[in-house]
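Below is entry22.txt, holding compact mmCIF, C-alpha atoms.
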# COMPACT_ATOMS: atom_id res chain seq x y z
CA SER X 1 -2.71 18.89 -21.11
CA SER X 2 -1.76 15.43 -19.91
CA SER X 3 -3.60 12.37 -21.13
CA PHE X 4 -3.60 10.88 -17.62
CA LYS X 5 -6.87 11.74 -15.95
CA ARG X 6 -6.67 9.46 -12.91
CA LEU X 7 -3.99 10.68 -10.53
CA VAL X 8 -2.72 9.41 -7.21
CA GLU X 9 -3.56 12.28 -4.85
CA VAL X 10 -4.95 12.86 -1.38
CA GLY X 11 -8.71 12.43 -1.77
CA ARG X 12 -8.66 10.00 -4.69
CA VAL X 13 -11.15 7.19 -4.22
CA VAL X 14 -9.70 3.76 -4.93
CA LEU X 15 -11.20 0.32 -5.37
CA ILE X 16 -9.31 -2.41 -3.53
CA THR X 17 -8.75 -5.40 -5.81
CA HIS X 18 -6.53 -7.75 -3.78
CA GLY X 19 -6.66 -8.90 -0.20
CA CYS X 20 -9.46 -9.42 2.29
CA ASP X 21 -11.00 -6.00 1.53
CA ALA X 22 -11.25 -6.72 -2.19
CA GLY X 23 -14.25 -5.06 -3.82
CA LYS X 24 -14.51 -2.20 -1.30
CA ILE X 25 -13.71 1.43 -1.93
CA ALA X 26 -11.47 3.65 0.21
CA THR X 27 -9.89 7.10 -0.01
CA ILE X 28 -6.20 7.97 -0.26
CA VAL X 29 -5.34 9.91 2.88
CA ASP X 30 -1.56 10.21 2.50
CA ILE X 31 1.10 9.14 0.01
CA VAL X 32 4.09 7.17 1.30
CA ASP X 33 6.09 6.96 -1.92
CA HIS X 34 5.56 6.17 -5.60
CA ASN X 35 4.40 2.63 -4.75
CA ARG X 36 2.34 2.97 -1.59
CA ALA X 37 -0.31 5.13 0.02
CA ILE X 38 -2.28 5.22 3.24
CA ILE X 39 -5.95 4.56 2.55
CA ASP X 40 -8.96 4.71 4.82
CA GLY X 41 -12.58 3.72 4.33
CA PRO X 42 -14.56 4.50 7.49
CA THR X 43 -17.90 4.31 5.67
CA THR X 44 -17.05 1.09 3.80
CA GLU X 45 -15.43 -0.94 6.64
CA VAL X 46 -11.88 -0.59 5.38
CA GLN X 47 -9.30 -0.20 8.12
CA ARG X 48 -6.80 2.59 7.81
CA GLN X 49 -3.74 0.94 6.28
CA VAL X 50 -0.70 1.28 4.07
CA ILE X 51 -1.46 -0.34 0.74
CA SER X 52 0.51 -0.83 -2.44
CA PHE X 53 -0.87 0.58 -5.71
CA LYS X 54 -0.59 -2.93 -7.11
CA ASN X 55 -3.46 -4.03 -4.87
CA VAL X 56 -5.72 -1.16 -5.78
CA VAL X 57 -7.37 0.53 -8.79
CA LEU X 58 -7.84 4.29 -9.04
CA THR X 59 -11.38 5.43 -9.77
CA ASP X 60 -12.58 8.66 -11.35
CA ILE X 61 -13.97 9.96 -8.06
CA VAL X 62 -11.93 12.50 -6.06
CA VAL X 63 -12.90 14.02 -2.73
CA LYS X 64 -11.86 17.62 -3.33
CA ARG X 65 -9.96 19.69 -0.76
CA LEU X 66 -9.34 16.79 1.58
CA PRO X 67 -6.61 17.71 4.08
CA ARG X 68 -3.66 15.34 4.13
CA THR X 69 -3.54 12.75 6.99
CA ILE X 70 -7.11 13.50 7.99
CA GLY X 71 -8.45 11.32 10.82
CA SER X 72 -10.99 8.57 10.28
CA LYS X 73 -13.94 10.31 11.93
CA ALA X 74 -13.41 13.59 10.07
CA LEU X 75 -12.97 11.63 6.83
CA ALA X 76 -16.30 9.89 7.42
CA LYS X 77 -17.96 13.33 7.67
CA PHE X 78 -16.30 14.48 4.43
CA LEU X 79 -17.41 11.33 2.63
CA GLU X 80 -20.99 11.66 3.81
CA LYS X 81 -21.12 15.31 2.76
CA GLU X 82 -19.78 14.54 -0.71
CA GLN X 83 -21.88 11.35 -0.89
CA VAL X 84 -18.93 9.45 -2.26
CA VAL X 85 -20.30 5.96 -1.70
CA GLU X 86 -23.52 6.85 -3.52
CA ALA X 87 -21.57 8.42 -6.38
CA TRP X 88 -19.55 5.21 -6.67
CA GLN X 89 -22.59 2.96 -6.62
CA LYS X 90 -24.15 5.01 -9.42
CA THR X 91 -21.23 4.42 -11.77
CA ALA X 92 -21.55 1.80 -14.50
CA TRP X 93 -18.37 0.18 -13.17
CA ALA X 94 -19.87 -0.44 -9.73
CA LYS X 95 -23.11 -1.69 -11.25
CA LYS X 96 -21.23 -4.16 -13.44
CA LEU X 97 -19.32 -5.48 -10.42
CA GLU X 98 -22.59 -5.84 -8.52
CA ALA X 99 -24.23 -7.65 -11.44
CA ARG X 100 -21.26 -10.00 -11.72
CA LYS X 101 -21.49 -10.77 -8.00
CA ARG X 102 -25.22 -11.43 -8.20
CA ARG X 103 -24.86 -13.63 -11.25
CA SER X 104 -22.21 -15.78 -9.61
CA ALA X 105 -24.39 -16.16 -6.52
CA MET X 106 -27.42 -17.44 -8.45
CA SER X 107 -28.90 -20.80 -7.60
CA ASP X 108 -30.36 -23.12 -10.19
CA PHE X 109 -33.84 -21.93 -9.30
CA ASP X 110 -32.75 -18.30 -9.84
CA ARG X 111 -31.39 -19.26 -13.24
CA PHE X 112 -34.71 -20.92 -14.06
CA LYS X 113 -36.60 -17.78 -13.04
CA LEU X 114 -34.23 -15.68 -15.14
CA MET X 115 -34.79 -17.95 -18.13
CA ARG X 116 -38.58 -17.63 -17.81
CA LEU X 117 -38.41 -13.82 -17.48
CA LYS X 118 -36.11 -13.55 -20.50
CA LYS X 119 -38.48 -15.74 -22.48
CA GLN X 120 -41.40 -13.45 -21.60
CA GLN X 121 -39.40 -10.38 -22.60
CA ARG X 122 -38.34 -12.01 -25.88
CA HIS X 123 -41.97 -12.95 -26.63
CA ILE X 124 -43.20 -9.40 -26.21
CA VAL X 125 -40.38 -7.88 -28.28
CA ASP X 126 -40.42 -10.45 -31.07
CA ARG X 127 -44.17 -10.19 -31.42
CA GLN X 128 -43.95 -6.44 -31.95
CA VAL X 129 -41.04 -6.88 -34.39
CA ALA X 130 -43.06 -9.43 -36.36
CA LEU X 131 -46.06 -7.10 -36.53
CA ILE X 132 -43.91 -4.20 -37.78
CA LYS X 133 -42.27 -6.40 -40.38
CA LYS X 134 -45.66 -7.54 -41.57
CA GLU X 135 -46.79 -3.93 -41.85
CA ARG X 136 -43.71 -2.97 -43.83
CA ALA X 137 -43.97 -5.90 -46.23
CA GLU V 1 31.00 -5.27 41.48
CA PRO V 2 28.67 -3.53 43.96
CA THR V 3 26.97 -1.33 41.31
CA PRO V 4 27.41 -2.94 37.88
CA LYS V 5 27.07 -0.77 34.79
CA LEU V 6 23.79 -0.95 32.87
CA PHE V 7 23.75 -0.61 29.10
CA ARG V 8 20.82 -0.39 26.70
CA MET V 9 20.76 -0.74 22.93
CA ARG V 10 18.08 -0.63 20.29
CA ILE V 11 18.76 -3.53 17.95
CA PHE V 12 17.07 -4.41 14.69
CA ALA V 13 16.86 -8.21 14.40
CA PRO V 14 14.45 -10.88 13.15
CA SER V 15 14.26 -12.64 16.52
CA GLU V 16 15.19 -12.32 20.17
CA ILE V 17 18.14 -14.70 19.79
CA VAL V 18 19.66 -12.70 16.95
CA ALA V 19 18.94 -9.51 18.91
CA LYS V 20 20.91 -10.75 21.90
CA SER V 21 23.78 -11.85 19.70
CA ARG V 22 23.95 -8.51 17.91
CA TYR V 23 23.71 -6.71 21.23
CA TRP V 24 26.87 -8.39 22.50
CA TYR V 25 28.58 -7.84 19.14
CA PHE V 26 28.01 -4.10 19.32
CA LEU V 27 28.54 -3.75 23.06
CA SER V 28 31.94 -5.40 23.03
CA LYS V 29 32.94 -3.07 20.21
CA LEU V 30 31.87 0.00 22.18
CA HIS V 31 32.70 -0.95 25.78
CA LYS V 32 34.81 -3.37 27.73
CA ALA V 33 31.99 -5.89 28.08
CA LYS V 34 31.52 -9.40 26.84
CA ARG V 35 28.82 -12.04 26.99
CA ALA V 36 30.77 -14.19 29.46
CA ASN V 37 30.97 -11.34 31.98
CA GLY V 38 27.53 -9.86 31.51
CA GLU V 39 23.91 -10.70 31.97
CA ILE V 40 21.02 -9.62 29.82
CA VAL V 41 18.42 -8.01 32.03
CA SER V 42 15.58 -7.81 29.53
CA VAL V 43 14.78 -8.01 25.85
CA ASN V 44 11.67 -6.12 24.78
CA GLU V 45 10.16 -5.59 21.37
CA ILE V 46 9.60 -1.90 20.78
CA PHE V 47 6.39 -0.91 18.98
CA VAL V 48 6.12 2.49 17.35
CA SER V 49 3.33 4.72 18.64
CA ASP V 50 1.97 5.96 15.29
CA PRO V 51 2.29 3.17 12.69
CA LEU V 52 -0.17 4.85 10.32
CA LYS V 53 1.74 8.11 10.02
CA VAL V 54 4.39 8.36 7.30
CA LYS V 55 7.73 9.62 8.53
CA ASN V 56 11.02 10.46 6.86
CA TYR V 57 13.75 8.33 8.38
CA GLY V 58 17.42 9.19 8.05
CA ILE V 59 19.71 6.22 8.62
CA TRP V 60 23.42 6.55 9.29
CA LEU V 61 25.24 3.32 8.65
CA ARG V 62 28.61 1.74 8.18
CA TYR V 63 29.15 -1.17 5.82
CA ASP V 64 31.91 -3.38 4.48
CA SER V 65 32.29 -3.40 0.74
CA ARG V 66 34.58 -5.80 -1.07
CA SER V 67 37.51 -3.40 -0.80
CA GLY V 68 37.00 -1.39 2.40
CA THR V 69 34.50 -0.11 4.91
CA HIS V 70 32.49 3.07 4.37
CA ASN V 71 29.98 5.33 6.10
CA MET V 72 26.69 6.18 4.51
CA TYR V 73 23.62 8.27 5.10
CA LYS V 74 20.39 7.12 3.49
CA GLU V 75 16.82 8.30 3.74
CA TYR V 76 13.58 6.33 3.61
CA ARG V 77 9.94 7.22 3.76
CA GLU V 78 8.26 4.66 6.02
CA THR V 79 5.74 4.35 8.80
CA THR V 80 7.86 2.63 11.46
CA ARG V 81 11.54 2.51 12.47
CA ALA V 82 11.64 -1.23 11.88
CA ALA V 83 10.22 -0.82 8.37
CA ALA V 84 12.79 1.89 7.59
CA VAL V 85 15.70 -0.26 8.77
CA GLU V 86 14.33 -3.26 6.88
CA ALA V 87 14.09 -1.13 3.75
CA CYS V 88 17.68 -0.01 4.39
CA TYR V 89 18.99 -3.55 4.65
CA GLN V 90 17.16 -4.57 1.48
CA ASP V 91 18.42 -1.46 -0.28
CA MET V 92 22.03 -2.08 0.77
CA ALA V 93 21.78 -5.66 -0.42
CA ALA V 94 20.37 -4.55 -3.75
CA ARG V 95 22.60 -1.56 -4.48
CA HIS V 96 25.87 -2.62 -2.83
CA ARG V 97 25.52 -6.39 -2.42
CA ALA V 98 26.06 -5.86 1.33
CA ARG V 99 24.71 -8.67 3.50
CA PHE V 100 23.19 -8.30 6.96
CA SER V 101 26.45 -9.08 8.74
CA SER V 102 28.40 -6.42 6.86
CA VAL V 103 26.00 -3.58 7.67
CA GLN V 104 26.03 -1.75 11.03
CA ILE V 105 23.22 0.69 11.66
CA ILE V 106 24.72 3.55 13.62
CA ARG V 107 21.72 5.80 14.01
CA VAL V 108 18.09 6.00 12.90
CA ALA V 109 16.23 9.28 13.32
CA THR V 110 13.09 10.88 11.98
CA VAL V 111 13.97 13.85 9.84
CA LYS V 112 11.81 16.95 9.45
CA ALA V 113 10.60 17.58 5.92
CA SER V 114 12.67 20.79 5.68
CA GLU V 115 15.86 18.94 6.65
CA VAL V 116 15.60 16.05 4.20
CA ARG V 117 18.79 15.81 2.16
CA ARG V 118 18.01 13.39 -0.63
CA PRO V 119 16.12 14.53 -3.75
CA TYR V 120 14.34 11.21 -4.13
CA ILE V 121 12.60 11.85 -0.80
CA GLN V 122 12.22 15.62 -1.31
CA GLN V 123 10.19 15.01 -4.45
CA LEU V 124 7.56 13.24 -2.31
CA LEU V 125 7.35 16.08 0.18
CA GLN V 126 5.90 18.79 -2.03
CA PRO V 127 2.46 20.10 -1.07
CA LYS V 128 -0.53 18.77 -3.04
CA LEU V 129 1.54 15.94 -4.46
CA LYS V 130 -0.15 14.17 -7.34
CA PHE V 131 1.05 11.84 -10.06
CA PRO V 132 -0.45 9.37 -12.51
CA LEU V 133 0.31 5.67 -12.67
CA PRO V 134 1.43 5.51 -16.29
CA HIS V 135 1.82 1.76 -16.77
CA ARG V 136 -1.10 -0.28 -15.49
CA VAL V 137 -0.58 -4.01 -15.23
CA GLN V 138 -3.91 -5.70 -14.62
CA ARG V 139 -3.53 -8.72 -12.42
CA PRO V 140 -6.35 -11.08 -11.40
CA ALA V 141 -7.14 -11.28 -7.69
CA LYS V 142 -5.89 -14.85 -7.60
CA LYS V 143 -3.13 -16.33 -9.74
CA ALA V 144 -5.43 -19.25 -10.53
CA ASP V 145 -7.92 -16.84 -12.16
CA ARG V 146 -5.50 -15.60 -14.80
CA ALA V 147 -6.38 -16.37 -18.42
CA LEU V 148 -3.65 -18.35 -20.12
CA ILE V 149 -4.67 -17.13 -23.56
CA ILE V 150 -6.32 -13.78 -24.29
CA ALA V 151 -7.80 -12.50 -27.53
CA LYS V 152 -6.34 -8.99 -27.47
CA ARG V 153 -3.13 -7.40 -26.17
CA PRO V 154 -3.90 -5.91 -22.76
CA SER V 155 -4.13 -2.15 -22.57
CA THR V 156 -1.79 -0.53 -20.03
CA PHE V 157 -3.58 2.83 -20.03
CA TYR V 158 -4.97 3.56 -16.64

Encoded form (structure tokens):
Amino acid sequence: SSSFKRLVEVGRVVLITHGCDAGKIATIVDIVDHNRAIIDGPTTEVQRQVISFKNVVLTDIVVKRLPRTIGSKALAKFLEKEQVVEAWQKTAWAKKLEARKRRSAMSDFDRFKLMRLKKQQRHIVDRQVALIKKERA
Amino acid sequence: EPTPKLFRMRIFAPSEIVAKSRYWYFLSKLHKAKRANGEIVSVNEIFVSDPLKVKNYGIWLRYDSRSGTHNMYKEYRETTRAAAVEACYQDMAARHRARFSSVQIIRVATVKASEVRRPYIQQLLQPKLKFPLPHRVQRPAKKADRALIIAKRPSTFY
């Protein structure tokens, strides 16, 4: 079978990468042509709009059996039933994006707290490693 | 003239001034009417009622090539009439080097999916359409964020 697993289709969840909605997810509701689709994200504050595939990344999540050109309210119901937003937030991809956002929003005090916590963690781990090494030797 | 004739045209133009100019250009071709003897009653921008619904537009046009003038029928998949005509003008410029002044849009109409004539539009009208994006070019959100030097060749697998 084909090596392409992520397809542009009605129901595919996409992550918007460019524009004012960057970082939010939305669902493909209709396909205009090979460059553009109509996306809608009623549960993630994304207005229904025509967007180019250049401004978007396909994710692995698909909302199955979504009727083409479904309205915003009905789409919101579909998304809540399938728990799409939760499924997205559970993925490693979403967690990495969230971690990146948090890290860039850290203040100097937060970095200090992080340094202290890391030091504590290192102390506990290294102490155990040293004990084991001593035992082995 | 006790009851002067009233004419109406739907013009595609970047501004009101160009719209009025094109209106007189077409009207004097079609009727015995010229700008000096007429008066524009109103110029209104027309907004489409369903801009988030994709439609198949068929455009009949007439254009001047370098060696003659020809008729054409082209189809576009767009959300509004204005977007379809804009796509048409861009397409004519690209494929036939025809500038704005050499293209006359005769008719724009929405076409039902069963009556679409062009295969490049028909291929988008199949039920449960799905396709991959085979060549992924990863661009940063801002041009300033792009890395000038990268360690590995980027992967274009989606």

- [ ] Write out as a ChimeraX atom specification each polymer residue whose atoms come within 6 Å of region 62-74 of chain X, counting all atoms listed in the file; drop sequence neighbours fewer than 4 positions from it.
- [x] /X:11-13,29-30

Written file, previous selection with C-alpha atoms, as a compact mmCIF listing (two decimals), keeping the file's coordinate frame:
# COMPACT_ATOMS: atom_id res chain seq x y z
CA GLY X 11 -8.71 12.43 -1.77
CA ARG X 12 -8.66 10.00 -4.69
CA VAL X 13 -11.15 7.19 -4.22
CA VAL X 29 -5.34 9.91 2.88
CA ASP X 30 -1.56 10.21 2.50

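Put simply, CA of Gln90 (chain V) is 15.6 Å away from CA of Val108 (chain V).
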
Can you build me a table of chain X residues sitting at most 10 Å from chain V, with the closest atom pair per residue and its distance in Å to one decimal, using all atoms listed in the file, sorted by chain and residue number, as a tab-separated table?
residue	atom	partner	partner_atom	distance
X:Ser2	CA	V:Pro132	CA	9.7
X:Ser3	CA	V:Phe157	CA	9.6
X:Phe4	CA	V:Pro132	CA	6.2
X:Lys5	CA	V:Pro132	CA	7.7
X:Arg6	CA	V:Pro132	CA	6.2
X:Leu7	CA	V:Pro132	CA	4.3
X:Val8	CA	V:Phe131	CA	5.3
X:Glu9	CA	V:Lys130	CA	4.6
X:Val10	CA	V:Lys128	CA	7.6
X:Arg12	CA	V:Lys130	CA	9.8
X:Thr17	CA	V:Ala141	CA	6.4
X:His18	CA	V:Ala141	CA	5.3
X:Gly19	CA	V:Ala141	CA	7.9
X:Ala22	CA	V:Ala141	CA	8.2
X:Asp30	CA	V:Val54	CA	7.9
X:Ile31	CA	V:Leu124	CA	8.0
X:Val32	CA	V:Val54	CA	6.1
X:Asp33	CA	V:Leu124	CA	6.5
X:His34	CA	V:Leu124	CA	8.1
X:Asn35	CA	V:Leu133	CA	9.4
X:Arg36	CA	V:Glu78	CA	9.8
X:Ala37	CA	V:Val54	CA	9.2
X:Ile38	CA	V:Leu52	CA	7.4
X:Ile39	CA	V:Leu52	CA	9.7
X:Arg48	CA	V:Leu52	CA	7.4
X:Gln49	CA	V:Leu52	CA	6.7
X:Val50	CA	V:Leu52	CA	7.2
X:Phe53	CA	V:Leu133	CA	8.7
X:Lys54	CA	V:Val137	CA	8.2
X:Asn55	CA	V:Ala141	CA	8.6
X:Val57	CA	V:Tyr158	CA	8.8
X:Leu58	CA	V:Tyr158	CA	8.2
X:Thr59	CA	V:Tyr158	CA	9.6
X:Arg65	CA	V:Lys128	CA	9.7
X:Pro67	CA	V:Lys128	CA	9.4
X:Arg68	CA	V:Lys128	CA	8.5
X:Thr69	CA	V:Lys53	CA	7.7

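Relative to CA of Thr43 (chain X), CA of Ala26 (chain X) is found at 8.5 Å.
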
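The interatomic distance for the pair CA of Pro14 (chain V) and CA of Glu75 (chain V) works out to 21.5 Å.
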
Open item on the list: With distances taken over only C-alpha atoms, which residue among X:Arg136, X:Gln128, X:Ile61, X:Phe112 lies nearest Lys90 (chain X)?
Closed with: X:Ile61

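For Gly38 (chain V), the set of protein, DNA and RNA residues having any atom at most 10 Å away, when counting only C-alpha atoms and skipping those fewer than 6 positions along the same chain, is Pro4, Lys5, Leu6 and Trp24 of chain V.
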
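The shell of residues at most 12 Å from Arg35 (chain V), with only C-alpha atoms counted and near chain neighbours (fewer than 6 positions) removed, consists of Lys20, Ser21, Arg22, Tyr23, Trp24, Tyr25, Phe26, Leu27, Ser28 and Lys29 of chain V.
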
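Proximity to Glu80 (chain X) was assessed for X:Lys119, X:Asp21, X:Ala130, X:Thr44 counting all atoms listed in the file; the smallest distance is recorded for X:Thr44.
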
Open item on the list: Taking only C-alpha atoms into account, name the residue in V:Ala147, V:Ala36, V:Ile105, V:Ala83 that is nearest to Ile59 (chain V).
Closed with: V:Ile105

Task: Spatial neighbours of Asn71 (chain V), max dist 9 Å, all atoms listed in the file, sep filter under 5 positions, as an NGL selection string - done: :V and (60-63)

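Near Arg117 (chain V), within 10 Å and counting all atoms listed in the file, sit Gly58, Tyr73, Lys74, Glu75, Val111, Ala113, Ile121 and Gln122 of chain V, not including residues fewer than 4 positions from it in the same chain.
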
With C-alpha atoms retained, could you export that selection as a PDB file, keeping the file's coordinate frame?
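Generated file (part-v6.pdb):
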ATOM      1  CA  GLY V  58      17.420   9.190   8.050  1.00  0.00           C
ATOM      2  CA  TYR V  73      23.620   8.270   5.100  1.00  0.00           C
ATOM      3  CA  LYS V  74      20.390   7.120   3.490  1.00  0.00           C
ATOM      4  CA  GLU V  75      16.820   8.300   3.740  1.00  0.00           C
ATOM      5  CA  VAL V 111      13.970  13.850   9.840  1.00  0.00           C
ATOM      6  CA  ALA V 113      10.600  17.580   5.920  1.00  0.00           C
ATOM      7  CA  ILE V 121      12.600  11.850  -0.800  1.00  0.00           C
ATOM      8  CA  GLN V 122      12.220  15.620  -1.310  1.00  0.00           C
TER       9      GLN V 122
END

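Minimum distance to Lys101 (chain X) across X:Gly23, X:Leu131, X:Leu15, X:Val56 (counting all atoms listed in the file) occurs at X:Gly23.
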
Incomplete region 69-79 of chain V brought to all heavy atoms, written out as a short mmCIF file (atom, residue, chain, number, x, y, z; two decimals), in the frame of the given file:
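To be explicit, this is the file written out as part20.cif:
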data_model
loop_
_atom_site.label_atom_id
_atom_site.label_comp_id
_atom_site.auth_asym_id
_atom_site.auth_seq_id
_atom_site.Cartn_x
_atom_site.Cartn_y
_atom_site.Cartn_z
N THR V 69 35.75 -0.36 4.18
CA THR V 69 34.50 -0.11 4.91
C THR V 69 34.18 1.37 4.84
O THR V 69 35.06 2.22 4.89
CB THR V 69 34.55 -0.67 6.35
OG1 THR V 69 33.72 0.14 7.17
CG2 THR V 69 35.95 -0.69 6.88
N HIS V 70 32.91 1.70 4.63
CA HIS V 70 32.49 3.07 4.37
C HIS V 70 31.32 3.47 5.25
O HIS V 70 30.57 2.62 5.70
CB HIS V 70 32.04 3.24 2.91
CG HIS V 70 32.94 2.57 1.94
ND1 HIS V 70 34.04 3.16 1.38
CD2 HIS V 70 32.91 1.32 1.42
CE1 HIS V 70 34.63 2.32 0.56
NE2 HIS V 70 33.97 1.20 0.57
N ASN V 71 31.16 4.79 5.42
CA ASN V 71 29.98 5.33 6.10
C ASN V 71 28.99 5.78 5.06
O ASN V 71 29.36 6.15 3.95
CB ASN V 71 30.36 6.53 6.96
CG ASN V 71 31.23 6.14 8.12
OD1 ASN V 71 31.06 5.06 8.67
ND2 ASN V 71 32.15 7.00 8.49
N MET V 72 27.73 5.76 5.45
CA MET V 72 26.69 6.18 4.51
C MET V 72 25.56 6.85 5.27
O MET V 72 25.34 6.54 6.44
CB MET V 72 26.09 4.95 3.83
CG MET V 72 26.63 4.73 2.48
SD MET V 72 25.59 3.54 1.68
CE MET V 72 26.61 3.28 0.26
N TYR V 73 24.85 7.72 4.55
CA TYR V 73 23.62 8.27 5.10
C TYR V 73 22.54 8.06 4.05
O TYR V 73 22.70 8.48 2.91
CB TYR V 73 23.79 9.76 5.41
CG TYR V 73 22.50 10.45 5.72
CD1 TYR V 73 21.86 10.23 6.93
CD2 TYR V 73 21.87 11.27 4.80
CE1 TYR V 73 20.65 10.83 7.22
CE2 TYR V 73 20.68 11.89 5.08
CZ TYR V 73 20.07 11.68 6.28
OH TYR V 73 18.87 12.27 6.56
N LYS V 74 21.47 7.38 4.45
CA LYS V 74 20.39 7.12 3.49
C LYS V 74 19.07 7.55 4.10
O LYS V 74 18.90 7.55 5.32
CB LYS V 74 20.33 5.63 3.17
CG LYS V 74 21.48 5.18 2.31
CD LYS V 74 21.35 3.70 1.99
CE LYS V 74 22.00 3.36 0.68
NZ LYS V 74 21.31 3.84 -0.51
N GLU V 75 18.13 7.88 3.24
CA GLU V 75 16.82 8.30 3.74
C GLU V 75 15.72 7.42 3.17
O GLU V 75 15.80 6.97 2.03
CB GLU V 75 16.54 9.76 3.34
CG GLU V 75 17.31 10.72 4.20
CD GLU V 75 17.17 12.15 3.76
OE1 GLU V 75 16.61 12.39 2.67
OE2 GLU V 75 17.64 13.02 4.49
N TYR V 76 14.71 7.17 4.01
CA TYR V 76 13.58 6.33 3.61
C TYR V 76 12.29 6.95 4.11
O TYR V 76 12.26 7.53 5.20
CB TYR V 76 13.72 4.91 4.18
CG TYR V 76 14.95 4.22 3.66
CD1 TYR V 76 16.12 4.23 4.39
CD2 TYR V 76 14.95 3.60 2.41
CE1 TYR V 76 17.27 3.65 3.90
CE2 TYR V 76 16.10 3.01 1.92
CZ TYR V 76 17.25 3.04 2.66
OH TYR V 76 18.38 2.47 2.17
N ARG V 77 11.25 6.76 3.34
CA ARG V 77 9.94 7.22 3.76
C ARG V 77 9.14 6.00 4.18
O ARG V 77 8.77 5.17 3.34
CB ARG V 77 9.24 7.94 2.59
CG ARG V 77 8.82 9.32 2.94
CD ARG V 77 8.26 10.00 1.73
NE ARG V 77 6.85 10.21 1.80
CZ ARG V 77 6.25 11.04 2.64
NH1 ARG V 77 6.97 11.72 3.50
NH2 ARG V 77 4.96 11.19 2.65
N GLU V 78 8.92 5.85 5.48
CA GLU V 78 8.26 4.66 6.02
C GLU V 78 7.36 5.06 7.17
O GLU V 78 7.37 6.21 7.61
CB GLU V 78 9.30 3.63 6.51
CG GLU V 78 10.11 2.99 5.42
CD GLU V 78 9.35 1.93 4.64
OE1 GLU V 78 8.30 1.48 5.09
OE2 GLU V 78 9.83 1.55 3.56
N THR V 79 6.64 4.04 7.69
CA THR V 79 5.74 4.35 8.80
C THR V 79 6.32 3.96 10.14
O THR V 79 5.90 4.48 11.17
CB THR V 79 4.40 3.62 8.63
OG1 THR V 79 4.67 2.24 8.40
CG2 THR V 79 3.62 4.17 7.46
#
